[in-house]
>>> print(open('work-v5.cif').read())   # mmCIF, C-alpha atoms
data_data
#
loop_
_atom_site.label_atom_id
_atom_site.label_comp_id
_atom_site.auth_asym_id
_atom_site.auth_seq_id
_atom_site.Cartn_x
_atom_site.Cartn_y
_atom_site.Cartn_z
CA MET A 1 128.00 -145.31 182.05
CA ILE A 2 125.92 -144.81 178.94
CA LYS A 3 122.20 -145.50 179.24
CA GLU A 4 120.41 -147.79 176.80
CA ASN A 5 118.18 -145.02 175.38
CA GLU A 6 121.21 -142.91 174.44
CA PHE A 7 122.02 -145.32 171.60
CA LYS A 8 119.55 -144.32 168.94
CA GLY A 9 121.56 -143.00 166.04
CA THR A 10 124.27 -144.19 163.74
CA TYR A 11 127.83 -144.52 164.96
CA SER A 12 130.83 -144.76 162.68
CA PHE A 13 134.27 -145.96 163.77
CA SER A 14 137.20 -145.88 161.37
CA HIS A 15 140.97 -146.14 161.36
CA SER A 16 143.14 -143.18 160.41
CA ALA A 17 143.94 -142.38 156.80
CA GLY A 18 147.59 -143.27 157.45
CA TYR A 19 146.67 -146.75 158.70
CA ILE A 20 144.42 -147.37 155.70
CA PHE A 21 147.17 -146.17 153.30
CA VAL A 22 149.79 -148.50 154.81
CA ILE A 23 147.41 -151.48 154.77
CA LYS A 24 146.44 -150.88 151.13
CA HIS A 25 150.07 -150.58 150.00
CA LEU A 26 151.66 -153.23 152.19
CA GLY A 27 152.65 -155.36 149.19
CA LYS A 28 154.49 -152.43 147.60
CA PHE A 29 156.39 -151.83 150.84
CA LEU A 30 157.42 -155.50 150.87
CA ILE A 31 158.67 -155.36 147.29
CA LEU A 32 160.65 -152.21 148.08
CA THR A 33 162.20 -153.90 151.13
CA ILE A 34 163.16 -156.97 149.09
CA LEU A 35 164.71 -154.75 146.41
CA ILE A 36 166.79 -152.96 149.06
CA ILE A 37 168.01 -156.32 150.39
CA VAL A 38 168.86 -157.53 146.87
CA LEU A 39 170.69 -154.26 146.18
CA ALA A 40 172.72 -154.69 149.39
CA VAL A 41 173.67 -158.22 148.26
CA TYR A 42 174.63 -156.93 144.81
CA LYS A 43 176.88 -154.30 146.39
CA GLY A 44 178.49 -157.02 148.49
CA ASN A 45 177.28 -155.83 151.89
CA LEU A 46 175.27 -158.98 152.75
CA ASN A 47 175.88 -162.69 152.61
CA ILE A 48 173.70 -164.64 150.12
CA ILE A 49 172.46 -167.09 152.81
CA VAL A 50 171.42 -164.23 155.08
CA THR A 51 169.62 -162.61 152.16
CA ILE A 52 167.68 -165.73 151.23
CA CYS A 53 166.65 -166.24 154.85
CA ALA A 54 165.60 -162.59 155.17
CA ILE A 55 163.52 -162.71 151.99
CA LEU A 56 161.86 -165.97 153.03
CA LEU A 57 161.11 -164.53 156.46
CA LEU A 58 159.64 -161.38 154.92
CA CYS A 59 157.46 -163.43 152.56
CA LEU A 60 156.26 -165.63 155.41
CA LEU A 61 155.48 -162.59 157.53
CA TYR A 62 153.65 -160.97 154.62
CA TYR A 63 151.61 -164.14 154.04
CA CYS A 64 150.54 -164.26 157.71
CA VAL A 65 149.65 -160.56 157.77
CA GLU A 66 147.74 -160.92 154.51
CA LYS A 67 145.67 -163.79 155.94
CA LEU A 68 144.84 -161.61 158.94
CA LEU A 69 144.00 -158.57 156.83
CA LYS A 70 141.55 -160.52 154.68
CA LYS A 71 139.40 -160.97 157.78
CA SER A 72 139.77 -157.46 159.16
CA ALA A 73 137.73 -154.31 158.68
CA TYR A 74 138.97 -150.74 158.59
CA LYS A 75 135.58 -149.14 159.31
CA ILE A 76 132.45 -150.10 161.22
CA ASN A 77 129.04 -148.43 161.04
CA ILE A 78 126.57 -149.24 163.80
CA ASP A 79 122.94 -148.27 163.26
CA PHE A 80 120.88 -148.78 166.39
CA LYS A 81 117.65 -147.68 164.69
CA SER A 82 117.73 -150.44 162.06
CA ARG A 83 119.82 -152.76 164.31
CA GLN A 84 122.51 -153.25 161.66
CA LEU A 85 126.29 -153.25 161.46
CA ARG A 86 128.31 -152.58 158.33
CA PHE A 87 131.91 -153.73 158.11
CA TYR A 88 134.17 -152.18 155.46
CA MET A 89 136.77 -154.84 154.70
CA ASN A 90 140.48 -154.09 154.19
CA ARG A 91 141.54 -156.23 151.26
CA SER A 92 138.42 -157.00 149.28
CA GLY A 93 136.75 -153.60 149.64
CA ASP A 94 133.49 -155.41 150.37
CA ILE A 95 130.87 -154.02 152.68
CA ILE A 96 129.46 -156.76 154.89
CA SER A 97 126.10 -155.97 156.47
CA SER A 98 124.65 -157.92 159.33
CA THR A 99 121.94 -157.47 161.88
CA PHE A 100 122.54 -157.51 165.62
CA ASP A 101 120.89 -160.93 165.76
CA ASP A 102 123.43 -162.37 163.28
CA ILE A 103 126.27 -161.74 165.72
CA LYS A 104 126.90 -164.85 167.76
CA ASN A 105 129.68 -163.42 169.90
CA ILE A 106 131.96 -160.40 170.38
CA ILE A 107 135.38 -161.23 171.78
CA VAL A 108 138.01 -158.69 172.82
CA ASN A 109 141.47 -160.18 172.85
CA PHE A 110 144.25 -159.10 170.49
CA HIS A 111 141.53 -157.70 168.20
CA ILE A 112 137.81 -157.16 168.55
CA THR A 113 136.45 -160.32 166.95
CA PHE A 114 132.91 -160.50 165.64
CA LEU A 115 131.67 -164.06 165.20
CA LEU A 116 128.86 -163.99 162.66
CA GLU A 117 126.79 -166.85 161.34
CA GLU A 118 129.31 -167.69 158.62
CA LYS A 119 132.25 -165.31 159.08
CA LYS A 120 134.78 -164.03 161.55
CA ILE A 121 135.55 -160.31 161.26
CA LEU A 122 138.40 -158.56 163.08
CA TYR A 123 138.75 -154.90 164.04
CA ASN A 124 141.77 -153.65 165.95
CA ASP A 125 140.74 -150.56 167.91
CA LEU A 126 140.86 -151.73 171.51
CA GLN A 127 141.34 -148.26 173.03
CA ASN A 128 138.09 -146.76 171.71
CA LYS A 129 135.79 -146.50 174.75
CA GLU A 130 132.76 -145.40 172.74
CA LEU A 131 133.10 -148.39 170.39
CA LEU A 132 133.36 -150.82 173.30
CA ASN A 133 130.31 -149.26 174.97
CA CYS A 134 128.30 -149.54 171.74
CA LEU A 135 129.35 -153.15 171.22
CA ASN A 136 128.43 -154.05 174.78
CA LYS A 137 124.88 -152.81 174.09
CA ILE A 138 124.66 -155.06 171.03
CA ARG A 139 125.96 -158.21 172.69
CA LYS A 140 127.83 -158.85 175.91
CA ILE A 141 131.56 -158.65 175.27
CA HIS A 142 133.68 -161.66 176.14
CA TRP A 143 137.17 -160.74 177.33
CA GLY A 144 140.09 -162.91 176.23
CA PRO A 145 143.35 -163.34 178.15
CA LEU A 146 145.26 -160.70 176.14
CA SER A 147 142.60 -158.05 176.72
CA PHE A 148 143.96 -157.45 180.21
CA LEU A 149 147.26 -156.38 178.65
CA LEU A 150 145.93 -154.45 175.68
CA VAL A 151 142.84 -152.65 177.01
CA THR A 152 144.47 -150.15 179.31
CA ASP A 153 141.34 -148.68 180.93
CA LYS A 154 140.58 -151.21 183.66
CA ASP A 155 137.58 -149.21 184.93
CA LEU A 156 135.97 -149.40 181.50
CA ARG A 157 136.56 -153.14 181.29
CA GLU A 158 135.05 -153.68 184.75
CA SER A 159 132.03 -151.46 184.03
CA LEU A 160 131.36 -153.32 180.77
CA LYS A 161 131.61 -156.68 182.53
CA LYS A 162 128.96 -155.61 185.06
CA SER A 163 126.45 -154.32 182.54
#
>>> encode(input="work-v5.cif", output="structure tokens")
Amino acid sequence: MIKENEFKGTYSFSHSAGYIFVIKHLGKFLILTILIIVLAVYKGNLNIIVTICAILLLCLLYYCVEKLLKKSAYKINIDFKSRQLRFYMNRSGDIISSTFDDIKNIIVNFHITFLLEEKKILYNDLQNKELLNCLNKIRKIHWGPLSFLLVTDKDLRESLKKS
């Protein structure tokens, strides 16, 4: 267990460069996939109805993922000295700063969800023990029903619930 006085510096948590690359170029990957499907139809390997359904499904999936990515961050900086968090957002490139007091709730479910005064920010690194320990010092973490499936370290979850 980490003691309260051990959190004095700045902590930075970020996704890998590969993850950030894929997220930034997701639209290009979709266009390439649609072109491959259209090329297969042109060559006569696919039925036109199947192609239309596949393209519509891909566009719907892309729309849903895009909505999710607009709310998600790829990097978080936690500064315990100034009691601030900085979220580096995926799609907009914005940096959202907030104080610890601005955070209404932290929920771990399918993502780590930060409920701020006027925004909801998502971050999807559920396996990072240091991040979860830091967040538990900021505000008590609320565990959603999917967290029991996705957070594999049960001892960590139980220790964070007790503190």
>>> resolve_selection(input="work-v5.cif", expression="the PyMOL selection byres ((chain A and resi 102-105) around 12)", output="PyMOL selection string")
chain A and resi 83-86+96-101+106-108+112-121+135-136+138-143
>>> atom_distance(input="work-v5.cif", atom1="CA of Ser14 in chain A", atom2="CA of Tyr74 in chain A")
5.9 Å
>>> resolve_selection(input="work-v5.cif", expression="the PyMOL selection byres ((chain A and resi 15-31) around 9)", output="list in words")
Phe13, Ser14, Leu32, Thr33, Ile34, Leu35, Ile36, Leu58, Cys59, Tyr62, Glu66, Leu69, Tyr74, Lys75, Asn90, Arg91, Asn124 and Asp125 of chain A
>>> resolve_selection(input="work-v5.cif", expression="the PyMOL selection byres ((chain A and resi 110) around 6)", output="PDB file with C-alpha atoms, in the frame of the given file")
ATOM      1  CA  ASN A 109     141.470-160.180 172.850  1.00  0.00           C
ATOM      2  CA  HIS A 111     141.530-157.700 168.200  1.00  0.00           C
ATOM      3  CA  LEU A 146     145.260-160.700 176.140  1.00  0.00           C
TER       4      LEU A 146
END
>>> atom_distance(input="work-v5.cif", atom1="CA of Phe87 in chain A", atom2="CA of Lys70 in chain A")
12.3 Å
>>> atom_distance(input="work-v5.cif", atom1="CA of Ile49 in chain A", atom2="CA of Cys64 in chain A")
22.6 Å
>>> closest_residue(input="work-v5.cif", among="A:Cys53, A:Ile95, A:Val38, A:Leu68", to="Tyr123 in chain A", atoms="only C-alpha atoms")
A:Leu68
>>> closest_residue(input="work-v5.cif", among="A:Leu56, A:Lys8, A:Lys67, A:Ile48", to="Lys81 in chain A", atoms="all atoms listed in the file")
A:Lys8
>>> build_atoms(input="work-v5.cif", residues="range 104-115 of chain A", atoms="N, CA and C atoms", output="PDB file, in the frame of the given file")
ATOM      1  N   LYS A 104     126.930-163.815 166.739  1.00  0.00           N
ATOM      2  CA  LYS A 104     126.900-164.850 167.760  1.00  0.00           C
ATOM      3  C   LYS A 104     127.670-164.427 169.001  1.00  0.00           C
ATOM      4  N   ASN A 105     128.810-163.741 168.779  1.00  0.00           N
ATOM      5  CA  ASN A 105     129.680-163.420 169.900  1.00  0.00           C
ATOM      6  C   ASN A 105     130.579-162.249 169.523  1.00  0.00           C
ATOM      7  N   ILE A 106     130.967-161.455 170.532  1.00  0.00           N
ATOM      8  CA  ILE A 106     131.960-160.400 170.380  1.00  0.00           C
ATOM      9  C   ILE A 106     133.056-160.677 171.396  1.00  0.00           C
ATOM     10  N   ILE A 107     134.266-160.879 170.898  1.00  0.00           N
ATOM     11  CA  ILE A 107     135.380-161.230 171.780  1.00  0.00           C
ATOM     12  C   ILE A 107     136.457-160.151 171.659  1.00  0.00           C
ATOM     13  N   VAL A 108     136.900-159.649 172.802  1.00  0.00           N
ATOM     14  CA  VAL A 108     138.010-158.690 172.820  1.00  0.00           C
ATOM     15  C   VAL A 108     139.222-159.434 173.330  1.00  0.00           C
ATOM     16  N   ASN A 109     140.224-159.517 172.483  1.00  0.00           N
ATOM     17  CA  ASN A 109     141.470-160.180 172.850  1.00  0.00           C
ATOM     18  C   ASN A 109     142.596-159.364 172.232  1.00  0.00           C
ATOM     19  N   PHE A 110     143.249-159.864 171.220  1.00  0.00           N
ATOM     20  CA  PHE A 110     144.250-159.100 170.490  1.00  0.00           C
ATOM     21  C   PHE A 110     143.574-158.134 169.523  1.00  0.00           C
ATOM     22  N   HIS A 111     142.404-158.503 169.043  1.00  0.00           N
ATOM     23  CA  HIS A 111     141.530-157.700 168.200  1.00  0.00           C
ATOM     24  C   HIS A 111     140.126-157.774 168.805  1.00  0.00           C
ATOM     25  N   ILE A 112     139.232-156.959 168.286  1.00  0.00           N
ATOM     26  CA  ILE A 112     137.810-157.160 168.550  1.00  0.00           C
ATOM     27  C   ILE A 112     137.337-158.126 167.472  1.00  0.00           C
ATOM     28  N   THR A 113     136.861-159.276 167.890  1.00  0.00           N
ATOM     29  CA  THR A 113     136.450-160.320 166.950  1.00  0.00           C
ATOM     30  C   THR A 113     134.940-160.443 166.973  1.00  0.00           C
ATOM     31  N   PHE A 114     134.341-160.326 165.806  1.00  0.00           N
ATOM     32  CA  PHE A 114     132.910-160.500 165.640  1.00  0.00           C
ATOM     33  C   PHE A 114     132.681-161.870 165.033  1.00  0.00           C
ATOM     34  N   LEU A 115     132.013-162.746 165.748  1.00  0.00           N
ATOM     35  CA  LEU A 115     131.670-164.060 165.200  1.00  0.00           C
ATOM     36  C   LEU A 115     130.251-163.972 164.653  1.00  0.00           C
TER      37      LEU A 115
END
